[in-house]
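*Asks:* Below is one structure. I have some questions about it.
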Amino acid sequence: MAHHFADASWKSHEFLEGPYMRVPKEIGCALMASAIVSPIVSMMDKAMVQPITGVGPFLGRMKDAGKVMVLNPRSFFGGLSFRLTSFVYFGTFAVANLSEAALDFYKVKDDGKRKQVKVSAASAANISLLAWRDSVFARKYSGIASAVRPKKAPMRTVSMFALRDFFTMAATFYGAPLAANYLIKEHDWNHDAAELSMALAVPVVSQLATAPIHIHAMDYYNRSLVSTSER
């Protein structure tokens with residue numbers, strides 16, 4: 001039986017590959033997915049932080065980042081924003097893939113339990129890595145003098161980041177499969193093409209929905225003493 005990309009069902013895997021064959025493939029897939037998703041996400045995340053500090057409008061910063069990526073790729077791909085974002089997504093995808101491989105190895109057949117384990121593991125990795133990355137981003141791009149920067153992110157900021165990540169995880173592990181199934185059933189898409197395209201596209205599109213949460217979290221970090229009516 002063919003192996004379907006990102007298919008959590010044990011029936012599709014049949015447990016044919018051992019860990020020595022499976023693990024390198026899963027890590028390679030995580031690295032490839034991170035390389036595809038990270039450029040646009042890193043541009044959007046950086047662009048969402050900078051307008052809050054008066055650096056420039058969101059679309060203008062996206063345009064500038066796009067120019068840098070095309071005209072000066074060494075600077076873009078070697079920059080802090082891309083490197084941190086790549087690490088976050090590689091870690092998240094790797095944990096998700098390896099958890100699925102472990103479920104196959106231990107012959108866990110219940111689809112509900114498989115999804116619960118996979119989503120829990122990936123969410124824990126993603127939220128932890130993003131908390132670390134965003135704390136670096138906040139200090140790097142906040143525009144606040146080092147003498148007056150908060151020593152650590154306020155709880156409200158951390159909570160907003162967690163809420164943002166919750167929606168991102170829901171889009172990645174529940175929204176993407178639903179979208180893929182819709183394309184397969186309603187538009188007769190190839191199974192692998194639908195799953196791969198939605199697994200890459202949905203996390204990027206979800207950034208548009210989580211952007212206001214992200215901006216509010218960063219704004220509170222920068223201006224924690226400002227009232228709600230003044231934001």
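In the structure tokens, chains take letters A, B, ... by order of appearance, with residues numbered from 1 within each chain and ligands from 1 in the order shown.
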Which residues are near region 124-134 of chain A? Cut-off 9 Å, only C-alpha atoms, ignore same chain within fewer than 3 positions. Put them as a list of chain:residue names.
*Replies:*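 The filter keeps A:Leu84, A:Thr85, A:Phe87, A:Val88, A:Tyr89, A:Gly91, A:Thr92, A:Phe93, A:Val95, A:Ala96, A:Val119, A:Ser120, A:Ala121, A:Phe137, A:Ala138, A:Arg139, A:Val158, A:Phe161, A:Ala162, A:Asp165, A:Phe166, A:Met169.
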*Asks:* Show me, as CSV, the residues of region 148-230 of chain A having an atom within 12 Å of region 97-118 of chain A, each with the closest atom pair and its distance in Å, using only C-alpha atoms.
*Replies:*
```
residue,atom,partner,partner_atom,distance
A:Met169,CA,A:Lys118,CA,11.1
A:Ala170,CA,A:Lys115,CA,11.8
A:Thr172,CA,A:Lys118,CA,11.7
A:Phe173,CA,A:Lys115,CA,8.5
A:Tyr174,CA,A:Lys115,CA,9.5
A:Pro177,CA,A:Lys115,CA,11.5
```
*Asks:* Keeping N, CA, C and O atoms, export the residues of the selection given above as a PDB file, in the first residue's frame.
*Replies:*
```pdb
ATOM      1  N   MET A 169      -1.483  26.183  15.565  1.00  0.00           N
ATOM      2  CA  MET A 169      -1.478  24.721  15.664  1.00  0.00           C
ATOM      3  C   MET A 169      -2.793  24.133  15.165  1.00  0.00           C
ATOM      4  O   MET A 169      -2.814  23.100  14.482  1.00  0.00           O
ATOM      5  N   ALA A 170      -3.898  24.801  15.499  1.00  0.00           N
ATOM      6  CA  ALA A 170      -5.201  24.311  15.044  1.00  0.00           C
ATOM      7  C   ALA A 170      -5.285  24.351  13.519  1.00  0.00           C
ATOM      8  O   ALA A 170      -5.796  23.418  12.885  1.00  0.00           O
ATOM      9  N   THR A 172      -2.726  24.234  11.442  1.00  0.00           N
ATOM     10  CA  THR A 172      -1.761  23.300  10.863  1.00  0.00           C
ATOM     11  C   THR A 172      -2.243  21.861  10.930  1.00  0.00           C
ATOM     12  O   THR A 172      -2.173  21.122   9.938  1.00  0.00           O
ATOM     13  N   PHE A 173      -2.733  21.440  12.103  1.00  0.00           N
ATOM     14  CA  PHE A 173      -3.034  20.024  12.310  1.00  0.00           C
ATOM     15  C   PHE A 173      -4.509  19.654  12.147  1.00  0.00           C
ATOM     16  O   PHE A 173      -4.838  18.472  12.064  1.00  0.00           O
ATOM     17  N   TYR A 174      -5.381  20.653  12.101  1.00  0.00           N
ATOM     18  CA  TYR A 174      -6.796  20.369  11.870  1.00  0.00           C
ATOM     19  C   TYR A 174      -7.308  21.059  10.598  1.00  0.00           C
ATOM     20  O   TYR A 174      -8.032  20.452   9.806  1.00  0.00           O
ATOM     21  N   PRO A 177      -5.585  19.348   7.167  1.00  0.00           N
ATOM     22  CA  PRO A 177      -6.211  18.094   6.713  1.00  0.00           C
ATOM     23  C   PRO A 177      -7.625  18.287   6.187  1.00  0.00           C
ATOM     24  O   PRO A 177      -8.022  17.628   5.208  1.00  0.00           O
TER      25      PRO A 177
END
```
*Asks:* What's around Val205 (chain A) at 12 Å? Count only C-alpha atoms, leave out sequence neighbours fewer than 2 positions away in its own chain, and write the answer as a VMD selection string.
*Replies:* chain A and resid 37 40 to 41 44 167 to 168 171 to 172 175 to 176 197 to 203 207 to 211
*Asks:* Restrict the selected residues to N, CA and C atoms and save them as a compact mmCIF listing (two decimals), in the first residue's frame.
*Replies:*
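Wrote part.txt, looks like this:
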```txt
# COMPACT_ATOMS: atom_id res chain seq x y z
N VAL A 37 8.55 27.14 4.02
CA VAL A 37 7.64 28.00 4.77
C VAL A 37 8.35 29.21 5.39
N ILE A 40 8.69 33.33 3.83
CA ILE A 40 7.54 34.23 3.89
C ILE A 40 7.13 34.50 5.33
N VAL A 41 7.19 33.48 6.19
CA VAL A 41 6.79 33.68 7.58
C VAL A 41 7.76 34.62 8.30
N MET A 44 6.99 38.14 7.26
CA MET A 44 5.75 38.64 7.86
C MET A 44 5.93 38.94 9.34
N PHE A 167 -3.97 28.99 17.74
CA PHE A 167 -4.66 29.08 16.46
C PHE A 167 -3.79 28.55 15.32
N THR A 168 -2.48 28.81 15.40
CA THR A 168 -1.57 28.31 14.37
C THR A 168 -1.54 26.78 14.38
N ALA A 171 -4.76 25.43 12.92
CA ALA A 171 -4.77 25.54 11.47
C ALA A 171 -3.88 24.48 10.83
N THR A 172 -2.73 24.23 11.44
CA THR A 172 -1.76 23.30 10.86
C THR A 172 -2.24 21.86 10.93
N GLY A 175 -6.92 22.32 10.41
CA GLY A 175 -7.36 23.03 9.22
C GLY A 175 -6.78 22.47 7.94
N ALA A 176 -5.47 22.18 7.94
CA ALA A 176 -4.82 21.67 6.73
C ALA A 176 -5.41 20.34 6.26
N SER A 197 0.39 20.44 -0.41
CA SER A 197 0.13 21.85 -0.65
C SER A 197 -0.57 22.51 0.53
N MET A 198 -1.55 21.83 1.13
CA MET A 198 -2.26 22.41 2.26
C MET A 198 -1.39 22.44 3.52
N ALA A 199 -0.53 21.42 3.70
CA ALA A 199 0.37 21.41 4.85
C ALA A 199 1.33 22.59 4.81
N LEU A 200 1.67 23.06 3.60
CA LEU A 200 2.57 24.20 3.46
C LEU A 200 1.82 25.53 3.41
N ALA A 201 0.64 25.54 2.76
CA ALA A 201 -0.07 26.79 2.54
C ALA A 201 -0.85 27.27 3.76
N VAL A 202 -1.51 26.36 4.45
CA VAL A 202 -2.39 26.76 5.56
C VAL A 202 -1.63 27.47 6.69
N PRO A 203 -0.45 26.97 7.13
CA PRO A 203 0.28 27.71 8.17
C PRO A 203 0.64 29.13 7.76
N GLN A 207 -1.24 33.05 9.26
CA GLN A 207 -0.55 34.22 9.80
C GLN A 207 -1.40 35.48 9.65
N LEU A 208 -2.22 35.54 8.61
CA LEU A 208 -3.08 36.71 8.42
C LEU A 208 -4.11 36.83 9.54
N ALA A 209 -4.59 35.69 10.03
CA ALA A 209 -5.58 35.70 11.11
C ALA A 209 -4.94 35.97 12.46
N THR A 210 -3.71 35.51 12.65
CA THR A 210 -3.05 35.67 13.95
C THR A 210 -2.25 36.96 14.04
N ALA A 211 -2.14 37.69 12.94
CA ALA A 211 -1.36 38.94 12.96
C ALA A 211 -1.84 39.94 14.02
```
*Asks:* How far is it from CA of Gly60 (chain A) to CA of Ser224 (chain A), in Å with one decimal?
*Replies:*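 Going from CA of Gly60 (chain A) over to CA of Ser224 (chain A) covers 26.2 Å.
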*Asks:* Residues near Ser159 (chain A), anyone? I mean within 12 Å using only C-alpha atoms, not counting same-chain ones fewer than 4 positions away, as an MDAnalysis selection string.
*Replies:* chainID A and resid 127 131 153:155 163:166 213:214 216:218 220:221
*Asks:* As a ChimeraX atom specification, please: every residue in region 1-227 of chain A that a backbone DSSP assignment puts in alpha helix (DSSP H).
*Replies:* /A:10-13,19-49,58-71,73-77,80-105,111-141,155-170,176-187,191-222
*Asks:* Would you list the contacts of Ala194 (chain A) as a PyMOL selection string, taking every protein, DNA or RNA residue within 12 Å and counting only C-alpha atoms, but skipping same-chain residues closer than 6 positions in sequence?
*Replies:* chain A and resi 4-7+176-188+200-202
*Asks:* Provide the CA of Ser42 (chain A) to CA of Ser81 (chain A) distance in Å, to one decimal place.
*Replies:*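 Separation of CA of Ser42 (chain A) and CA of Ser81 (chain A): 5.7 Å.
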*Asks:* Applying 8 Å and only C-alpha atoms, which residues near Phe82 (chain A) remain after dropping the ones on its own chain fewer than 2 positions away? List them as a ChimeraX atom specification.
*Replies:* /A:38-39,42-43,76-80,84-86
*Asks:* Write out, as a CSV table (one decimal), in the first residue's frame, the residues just selected, with all heavy atoms.
*Replies:*
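Heads up, here's the output in again39.csv:
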```
chain,number,residue,atom,x,y,z
A,38,SER,N,9.6,29.0,5.8
A,38,SER,CA,10.2,30.0,6.7
A,38,SER,C,10.5,31.4,6.0
A,38,SER,O,10.4,32.4,6.7
A,38,SER,CB,11.6,29.5,7.2
A,38,SER,OG,11.4,28.4,8.0
A,39,PRO,N,10.8,31.5,4.7
A,39,PRO,CA,11.1,32.8,4.1
A,39,PRO,C,9.9,33.8,4.3
A,39,PRO,O,10.1,34.9,4.7
A,39,PRO,CB,11.4,32.5,2.6
A,39,PRO,CG,11.9,31.1,2.7
A,39,PRO,CD,11.2,30.4,3.7
A,42,SER,N,9.1,34.5,8.0
A,42,SER,CA,10.0,35.3,8.7
A,42,SER,C,9.9,36.8,8.2
A,42,SER,O,10.0,37.7,9.1
A,42,SER,CB,11.5,34.9,8.4
A,42,SER,OG,11.8,35.0,7.0
A,43,MET,N,9.5,37.0,7.0
A,43,MET,CA,9.3,38.4,6.5
A,43,MET,C,8.0,38.9,7.2
A,43,MET,O,8.0,40.1,7.6
A,43,MET,CB,9.1,38.4,5.0
A,43,MET,CG,10.4,38.1,4.2
A,43,MET,SD,10.2,38.5,2.4
A,43,MET,CE,9.1,37.2,1.9
A,76,PHE,N,19.7,38.0,3.4
A,76,PHE,CA,18.4,37.6,3.9
A,76,PHE,C,18.4,36.2,4.6
A,76,PHE,O,18.0,36.1,5.8
A,76,PHE,CB,17.4,37.5,2.8
A,76,PHE,CG,16.0,37.0,3.1
A,76,PHE,CD1,15.1,37.9,3.6
A,76,PHE,CD2,15.7,35.7,3.0
A,76,PHE,CE1,13.8,37.5,4.0
A,76,PHE,CE2,14.4,35.2,3.4
A,76,PHE,CZ,13.5,36.1,3.9
A,77,PHE,N,19.0,35.2,4.0
A,77,PHE,CA,19.0,33.9,4.5
A,77,PHE,C,20.0,33.7,5.7
A,77,PHE,O,19.9,32.8,6.5
A,77,PHE,CB,19.2,32.8,3.4
A,77,PHE,CG,18.1,32.7,2.5
A,77,PHE,CD1,18.3,33.2,1.2
A,77,PHE,CD2,16.9,32.1,2.8
A,77,PHE,CE1,17.2,33.1,0.3
A,77,PHE,CE2,15.9,32.0,1.9
A,77,PHE,CZ,16.0,32.5,0.6
A,78,GLY,N,20.9,34.6,5.8
A,78,GLY,CA,21.8,34.6,6.9
A,78,GLY,C,21.4,35.5,8.1
A,78,GLY,O,22.1,35.6,9.1
A,79,GLY,N,20.3,36.2,7.9
A,79,GLY,CA,19.8,37.1,8.9
A,79,GLY,C,19.1,36.4,10.1
A,79,GLY,O,18.7,35.3,10.0
A,80,LEU,N,19.1,37.2,11.2
A,80,LEU,CA,18.5,36.6,12.4
A,80,LEU,C,17.1,36.1,12.2
A,80,LEU,O,16.7,35.1,12.7
A,80,LEU,CB,18.6,37.7,13.5
A,80,LEU,CG,18.1,37.2,14.9
A,80,LEU,CD1,19.0,36.1,15.5
A,80,LEU,CD2,18.1,38.4,15.8
A,84,LEU,N,16.2,32.2,12.9
A,84,LEU,CA,15.3,31.8,14.1
A,84,LEU,C,14.0,31.2,13.6
A,84,LEU,O,13.6,30.2,14.2
A,84,LEU,CB,15.0,33.0,14.9
A,84,LEU,CG,16.2,33.6,15.7
A,84,LEU,CD1,15.8,34.8,16.5
A,84,LEU,CD2,16.9,32.6,16.6
A,85,THR,N,13.4,31.7,12.6
A,85,THR,CA,12.1,31.2,12.1
A,85,THR,C,12.3,29.8,11.5
A,85,THR,O,11.5,28.9,11.8
A,85,THR,CB,11.5,32.1,11.1
A,85,THR,OG1,11.3,33.4,11.6
A,85,THR,CG2,10.2,31.6,10.6
A,86,SER,N,13.4,29.6,10.8
A,86,SER,CA,13.7,28.3,10.3
A,86,SER,C,13.9,27.2,11.4
A,86,SER,O,13.4,26.1,11.3
A,86,SER,CB,15.0,28.3,9.4
A,86,SER,OG,14.8,29.1,8.3
```
